[in-house]
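**Q** Below you'll find run-v1.pdb; it's PDB, C-alpha atoms.
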```pdb
ATOM      1  CA  MET A   1     119.337  87.726  35.163
ATOM      2  CA  LYS A   2     120.781  90.101  32.605
ATOM      3  CA  ARG A   3     120.786  87.374  29.947
ATOM      4  CA  LEU A   4     117.099  86.587  30.589
ATOM      5  CA  ALA A   5     116.154  90.239  30.021
ATOM      6  CA  MET A   6     118.055  90.233  26.727
ATOM      7  CA  VAL A   7     116.250  87.092  25.534
ATOM      8  CA  THR A   8     112.890  88.637  26.401
ATOM      9  CA  VAL A   9     113.695  91.758  24.398
ATOM     10  CA  LEU A  10     114.762  89.660  21.423
ATOM     11  CA  VAL A  11     111.531  87.663  21.505
ATOM     12  CA  VAL A  12     109.402  90.806  21.634
ATOM     13  CA  CYS A  13     111.379  92.414  18.823
ATOM     14  CA  ALA A  14     111.154  89.300  16.684
ATOM     15  CA  CYS A  15     107.392  89.189  17.075
ATOM     16  CA  SER A  16     106.589  92.871  17.128
ATOM     17  CA  GLY A  17     104.245  94.289  14.590
ATOM     18  CA  SER A  18     100.663  95.172  13.972
ATOM     19  CA  PRO A  19      97.701  93.258  15.333
ATOM     20  CA  THR A  20      96.728  92.401  11.781
ATOM     21  CA  PRO A  21      97.625  88.908  10.608
ATOM     22  CA  GLY A  22      98.866  88.432   7.082
ATOM     23  CA  ASP A  23     100.042  91.308   4.959
ATOM     24  CA  GLY A  24      97.901  94.035   6.551
ATOM     25  CA  GLY A  25      96.348  94.902   3.209
ATOM     26  CA  THR A  26      92.686  94.264   3.945
ATOM     27  CA  ALA A  27      89.975  96.797   4.516
ATOM     28  CA  GLY A  28      89.569  98.548   7.802
ATOM     29  CA  GLY A  29      92.971  98.161   9.286
ATOM     30  CA  GLY A  30      95.892  98.179   6.954
ATOM     31  CA  GLY A  31      97.922  96.822   9.833
ATOM     32  CA  THR A  32      97.774  99.960  11.964
ATOM     33  CA  ALA A  33      96.027 100.676  15.216
ATOM     34  CA  GLY A  34      92.600 101.445  13.883
ATOM     35  CA  GLY A  35      93.503 102.063  10.263
ATOM     36  CA  GLY A  36      94.456 105.681  10.838
ATOM     37  CA  THR A  37      92.735 107.951  13.299
ATOM     38  CA  ALA A  38      90.991 106.196  16.139
ATOM     39  CA  GLY A  39      87.526 107.401  15.224
ATOM     40  CA  GLY A  40      87.661 107.257  11.463
ATOM     41  CA  GLY A  41      88.455 110.926  10.949
ATOM     42  CA  THR A  42      85.352 112.860  11.985
ATOM     43  CA  ALA A  43      83.302 113.522  15.079
ATOM     44  CA  GLY A  44      81.620 110.321  16.167
ATOM     45  CA  GLY A  45      83.966 108.182  14.090
ATOM     46  CA  ARG A  46      82.130 108.580  10.808
ATOM     47  CA  THR A  47      83.502 109.329   7.335
ATOM     48  CA  SER A  48      82.182 108.812   3.821
ATOM     49  CA  GLN A  49      84.357 105.919   2.636
ATOM     50  CA  ARG A  50      83.749 102.409   1.386
ATOM     51  CA  ASP A  51      86.270  99.758   0.455
ATOM     52  CA  GLY A  52      85.287  96.890  -1.842
ATOM     53  CA  GLY A  53      81.789  96.146  -0.518
ATOM     54  CA  VAL A  54      82.957  95.695   3.071
ATOM     55  CA  LEU A  55      80.208  95.552   5.692
ATOM     56  CA  LEU A  56      82.402  94.986   8.791
ATOM     57  CA  SER A  57      86.145  95.213   9.317
ATOM     58  CA  PHE A  58      88.078  94.314  12.441
ATOM     59  CA  ASN A  59      91.718  94.075  13.446
ATOM     60  CA  TRP A  60      92.753  93.607  17.064
ATOM     61  CA  GLY A  61      95.744  92.326  18.974
ATOM     62  CA  ASN A  62      99.226  93.128  20.192
ATOM     63  CA  GLN A  63     102.780  92.301  19.196
ATOM     64  CA  ILE A  64     102.254  88.618  20.036
ATOM     65  CA  ASN A  65      98.686  87.769  18.904
ATOM     66  CA  GLY A  66      96.258  89.320  16.458
ATOM     67  CA  SER A  67      92.881  88.702  14.872
ATOM     68  CA  GLU A  68      91.267  90.086  11.754
ATOM     69  CA  LEU A  69      87.759  89.746  10.359
ATOM     70  CA  THR A  70      86.270  91.139   7.163
ATOM     71  CA  VAL A  71      82.584  90.649   6.348
ATOM     72  CA  LEU A  72      81.450  91.590   2.848
ATOM     73  CA  GLU A  73      77.999  92.847   1.816
ATOM     74  CA  THR A  74      77.387  89.414   0.293
ATOM     75  CA  GLY A  75      77.713  87.789   3.732
ATOM     76  CA  ALA A  76      81.034  86.149   2.880
ATOM     77  CA  TYR A  77      83.649  86.607   5.583
ATOM     78  CA  THR A  78      87.340  85.956   6.124
ATOM     79  CA  THR A  79      89.237  85.655   9.370
ATOM     80  CA  GLY A  80      92.921  85.713  10.148
ATOM     81  CA  GLU A  81      94.586  84.692  13.391
ATOM     82  CA  ARG A  82      98.241  85.497  14.073
ATOM     83  CA  THR A  83     100.393  84.099  16.865
ATOM     84  CA  CYS A  84     104.045  84.576  17.494
ATOM     85  CA  CYS A  85     107.201  82.810  18.365
ATOM     86  CA  PRO A  86     107.262  81.003  16.083
ATOM     87  CA  PRO A  87     105.067  83.214  13.861
ATOM     88  CA  VAL A  88     101.967  81.394  12.588
ATOM     89  CA  THR A  89      99.061  82.872  10.605
ATOM     90  CA  VAL A  90      95.855  80.915  10.084
ATOM     91  CA  ASN A  91      93.252  82.210   7.625
ATOM     92  CA  ASP A  92      89.686  80.944   7.392
ATOM     93  CA  GLY A  93      86.326  82.081   6.110
ATOM     94  CA  GLY A  94      82.721  81.296   5.535
ATOM     95  CA  GLN A  95      79.314  82.685   4.751
ATOM     96  CA  VAL A  96      76.696  84.045   7.145
ATOM     97  CA  SER A  97      73.047  83.279   6.409
ATOM     98  CA  ALA A  98      70.963  85.823   4.505
ATOM     99  CA  SER A  99      68.966  86.655   7.643
ATOM    100  CA  GLU A 100      72.147  87.108   9.695
ATOM    101  CA  ARG A 101      73.617  89.351   6.973
ATOM    102  CA  ASP A 102      70.406  91.413   6.916
ATOM    103  CA  ALA A 103      70.597  91.796  10.713
ATOM    104  CA  LEU A 104      74.242  92.936  10.448
ATOM    105  CA  VAL A 105      73.322  95.497   7.766
ATOM    106  CA  ALA A 106      70.451  96.789   9.921
ATOM    107  CA  ASP A 107      72.664  97.004  13.036
ATOM    108  CA  VAL A 108      75.338  98.999  11.189
ATOM    109  CA  GLY A 109      72.637 101.462  10.138
ATOM    110  CA  LEU A 110      71.331 101.728  13.702
ATOM    111  CA  ALA A 111      74.809 102.026  15.236
ATOM    112  CA  ARG A 112      75.452 105.027  13.013
ATOM    113  CA  ALA A 113      73.354 107.106  15.439
ATOM    114  CA  GLY A 114      75.048 105.749  18.546
ATOM    115  CA  PRO A 115      76.973 107.840  21.023
ATOM    116  CA  VAL A 116      80.750 107.365  20.817
ATOM    117  CA  VAL A 117      82.531 107.590  24.163
ATOM    118  CA  THR A 118      86.240 107.971  24.865
ATOM    119  CA  PHE A 119      87.925 105.816  27.498
ATOM    120  CA  ASP A 120      91.384 105.036  28.835
ATOM    121  CA  ALA A 121      92.533 101.938  26.956
ATOM    122  CA  GLY A 122      95.711 101.608  29.033
ATOM    123  CA  THR A 123      99.325 101.538  27.969
ATOM    124  CA  ALA A 124     100.649  98.416  29.697
ATOM    125  CA  ALA A 125     103.001  96.113  27.849
ATOM    126  CA  GLY A 126     101.031  93.575  25.855
ATOM    127  CA  MET A 127      97.850  95.641  25.651
ATOM    128  CA  ARG A 128      95.679  94.946  22.634
ATOM    129  CA  TYR A 129      94.832  97.629  20.104
ATOM    130  CA  GLY A 130      93.092  98.017  16.775
ATOM    131  CA  ALA A 131      89.601  98.823  15.564
ATOM    132  CA  ALA A 132      86.198  97.473  14.603
ATOM    133  CA  ARG A 133      84.195  99.371  12.028
ATOM    134  CA  GLY A 134      80.989  98.943  10.099
ATOM    135  CA  TYR A 135      80.098 100.465   6.734
ATOM    136  CA  ASP A 136      76.517 101.588   6.149
ATOM    137  CA  VAL A 137      74.740 101.019   2.824
ATOM    138  CA  ASP A 138      75.738 104.517   1.658
ATOM    139  CA  GLY A 139      79.391 103.844   2.480
ATOM    140  CA  THR A 140      79.509 105.798   5.748
ATOM    141  CA  GLU A 141      82.072 104.350   8.127
ATOM    142  CA  VAL A 142      80.697 103.679  11.618
ATOM    143  CA  LEU A 143      83.131 103.247  14.499
ATOM    144  CA  LEU A 144      82.261 100.314  16.751
ATOM    145  CA  HIS A 145      85.392 100.188  18.923
ATOM    146  CA  SER A 146      89.008 101.332  18.751
ATOM    147  CA  ALA A 147      92.097 101.525  20.931
ATOM    148  CA  GLU A 148      95.485 103.032  20.152
ATOM    149  CA  LEU A 149      98.888 102.236  21.573
ATOM    150  CA  ALA A 150      98.860 105.687  23.177
ATOM    151  CA  GLY A 151      96.079 104.437  25.463
ATOM    152  CA  THR A 152      93.110 106.269  23.949
ATOM    153  CA  GLY A 153      90.017 104.216  23.243
ATOM    154  CA  ARG A 154      86.690 104.991  21.609
ATOM    155  CA  ARG A 155      83.563 102.868  21.767
ATOM    156  CA  ASN A 156      80.135 103.211  20.185
ATOM    157  CA  ASP A 157      77.628 102.667  23.004
ATOM    158  CA  HIS A 158      74.537 102.052  20.850
ATOM    159  CA  ALA A 159      72.906  98.661  21.536
ATOM    160  CA  ALA A 160      73.286  97.756  17.841
ATOM    161  CA  ALA A 161      77.054  98.381  18.077
ATOM    162  CA  GLY A 162      77.099  96.001  21.048
ATOM    163  CA  ARG A 163      75.429  93.303  18.944
ATOM    164  CA  LEU A 164      77.980  93.851  16.165
ATOM    165  CA  ARG A 165      80.855  93.539  18.659
ATOM    166  CA  ALA A 166      79.307  90.292  19.958
ATOM    167  CA  PHE A 167      79.114  88.952  16.375
ATOM    168  CA  ILE A 168      82.773  89.881  15.800
ATOM    169  CA  ASN A 169      83.826  88.226  19.059
ATOM    170  CA  SER A 170      82.037  85.031  18.002
ATOM    171  CA  LYS A 171      84.328  84.744  14.958
ATOM    172  CA  VAL A 172      87.796  85.636  16.319
ATOM    173  CA  SER A 173      90.147  84.662  19.144
ATOM    174  CA  GLN A 174      91.462  88.143  20.085
ATOM    175  CA  GLN A 175      88.216  89.591  21.337
ATOM    176  CA  LEU A 176      87.045  93.126  21.967
ATOM    177  CA  PRO A 177      86.570  94.014  25.626
TER     178      PRO A 177
END
```
Please go through the file and, once you have read it, give me the structure as structure tokens.
**A**
Amino acid sequence: MKRLAMVTVLVVCACSGSPTPGDGGTAGGGGTAGGGTAGGGTAGGRTSQRDGGVLLSFNWGNQINGSELTVLETGAYTTGERTCCPPVTVNDGGQVSASERDALVADVGLARAGPVVTFDAGTAAGMRYGAARGYDVDGTEVLLHSAELAGTGRRNDHAAAGRLRAFINSKVSQQLP
């Protein structure tokens, strides 16, 4: 029994890391739980930042699995999926239609006004953490959802934020709750 516990610890240590697949250098995550503070740095999760024409950024997972999505203002998107033991990262991408991109842009603008609520994200082993953020046309960061390892979560409850989370979930395997 003691040997089994040691093997489990070694597997977790070998696969530990951020939820972000790849090198963690993309917008909106940088490989940390939420890319810094859970809400983006100000009340309601809004700051005045923009990174390379990013419309949506998402990183979510745990020490075993992780997903990442970046959608640019042009409608081009990239995804990354990370699994562990053995470590495998799969990157993909595509282009959303012009009408879908316009709807995403509009929903980010609407979600900017949404109420942000705090919730208990849990601290159990294997819990998933990370963040989903949108960036309005003026560069304002809009929190859609975040969870930290410490168990604190924040979620934008505007209907438009819900549509953005549904879009994100349609593109990745590690989905937002």
**Q** Could you work out how far CA of Glu148 in chain A lies from CA of Ala160 in chain A, giving the answer in Å with one decimal?
**A**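 Separation between CA of Ala160 in chain A and CA of Glu148 in chain A: 22.9 Å.
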**Q** Using all atoms listed in the file for the distances, tell me which of A:Cys84, A:Val96, A:Val108, A:Leu176 is nearest to Met127 in chain A.
**A**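 Between A:Cys84, A:Val96, A:Val108, A:Leu176, the residue approaching Met127 in chain A most closely is A:Leu176.
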**Q** Please expand the PyMOL selection byres ((chain A and resi 124) around 12) into the concrete residues it hits in this file, giving the result as a PyMOL selection string.
**A** chain A and resi 62+120-123+125-129+148-151
**Q** With a distance cut-off of 10 Å and only C-alpha atoms, select the neighbouring residues of Gly94 in chain A, excluding the residue or stretch itself and same-chain residues fewer than 2 positions from it, and output the selection as a VMD selection string.
**A** chain A and resid 71 75 to 79 92 96 to 97
**Q** May I ask for the distance between CA of Pro87 in chain A and CA of Gln175 in chain A, given in Å to one decimal place?
**A** 19.5 Å
**Q** Residues picked by the PyMOL selection byres ((chain A and resi 104) around 10) here, as a PDB file with C-alpha atoms, in the frame of the given file?
**A**
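For reference, selection.pdb as written:
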```pdb
ATOM      1  CA  LEU A  55      80.208  95.552   5.692  1.00  0.00           C
ATOM      2  CA  LEU A  56      82.402  94.986   8.791  1.00  0.00           C
ATOM      3  CA  VAL A  71      82.584  90.649   6.348  1.00  0.00           C
ATOM      4  CA  GLU A  73      77.999  92.847   1.816  1.00  0.00           C
ATOM      5  CA  GLY A  75      77.713  87.789   3.732  1.00  0.00           C
ATOM      6  CA  VAL A  96      76.696  84.045   7.145  1.00  0.00           C
ATOM      7  CA  ALA A  98      70.963  85.823   4.505  1.00  0.00           C
ATOM      8  CA  SER A  99      68.966  86.655   7.643  1.00  0.00           C
ATOM      9  CA  GLU A 100      72.147  87.108   9.695  1.00  0.00           C
ATOM     10  CA  ARG A 101      73.617  89.351   6.973  1.00  0.00           C
ATOM     11  CA  ASP A 102      70.406  91.413   6.916  1.00  0.00           C
ATOM     12  CA  ALA A 103      70.597  91.796  10.713  1.00  0.00           C
ATOM     13  CA  VAL A 105      73.322  95.497   7.766  1.00  0.00           C
ATOM     14  CA  ALA A 106      70.451  96.789   9.921  1.00  0.00           C
ATOM     15  CA  ASP A 107      72.664  97.004  13.036  1.00  0.00           C
ATOM     16  CA  VAL A 108      75.338  98.999  11.189  1.00  0.00           C
ATOM     17  CA  GLY A 109      72.637 101.462  10.138  1.00  0.00           C
ATOM     18  CA  LEU A 110      71.331 101.728  13.702  1.00  0.00           C
ATOM     19  CA  GLY A 134      80.989  98.943  10.099  1.00  0.00           C
ATOM     20  CA  ASP A 136      76.517 101.588   6.149  1.00  0.00           C
ATOM     21  CA  ALA A 160      73.286  97.756  17.841  1.00  0.00           C
ATOM     22  CA  ALA A 161      77.054  98.381  18.077  1.00  0.00           C
ATOM     23  CA  ARG A 163      75.429  93.303  18.944  1.00  0.00           C
ATOM     24  CA  LEU A 164      77.980  93.851  16.165  1.00  0.00           C
ATOM     25  CA  PHE A 167      79.114  88.952  16.375  1.00  0.00           C
TER      26      PHE A 167
END
```
**Q** Expressed in Å to a single decimal, how great is the separation between CA of Thr152 in chain A and CA of Asp138 in chain A?
**A**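 The value is 28.3 Å.
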**Q** When you look at Pro177 in chain A with a cut-off of 12 Å (counting all atoms listed in the file), what residues show up, excluding the ones that are within fewer than 4 positions of it in the same chain? I need them as number ranges by chain.
**A** A: 60-61, 121, 127-132, 144-147, 153-155, 162, 165-166, 168-169, 173
**Q** Would you mind telling me which residue in A:Thr83, A:Thr140, A:Asn156, A:Asn91 lies nearest to Pro115 in chain A when using only C-alpha atoms?
**A**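 Among the listed residues, the smallest separation from Pro115 in chain A belongs to A:Asn156.
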**Q** Looking at A:Thr118, A:Val142, A:Arg133, A:Pro86, which one is nearest to Leu69 in chain A, with distances taken over only C-alpha atoms?
**A**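 When distances to Leu69 in chain A are compared using only C-alpha atoms, the smallest one comes from A:Arg133.
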**Q** Could you tell me which of A:Leu143, A:Ala111, A:Asp157, A:Gln174 comes closest to Ser57 in chain A if we count all atoms listed in the file?
**A**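 Closest residue, counting all atoms listed in the file: A:Leu143.
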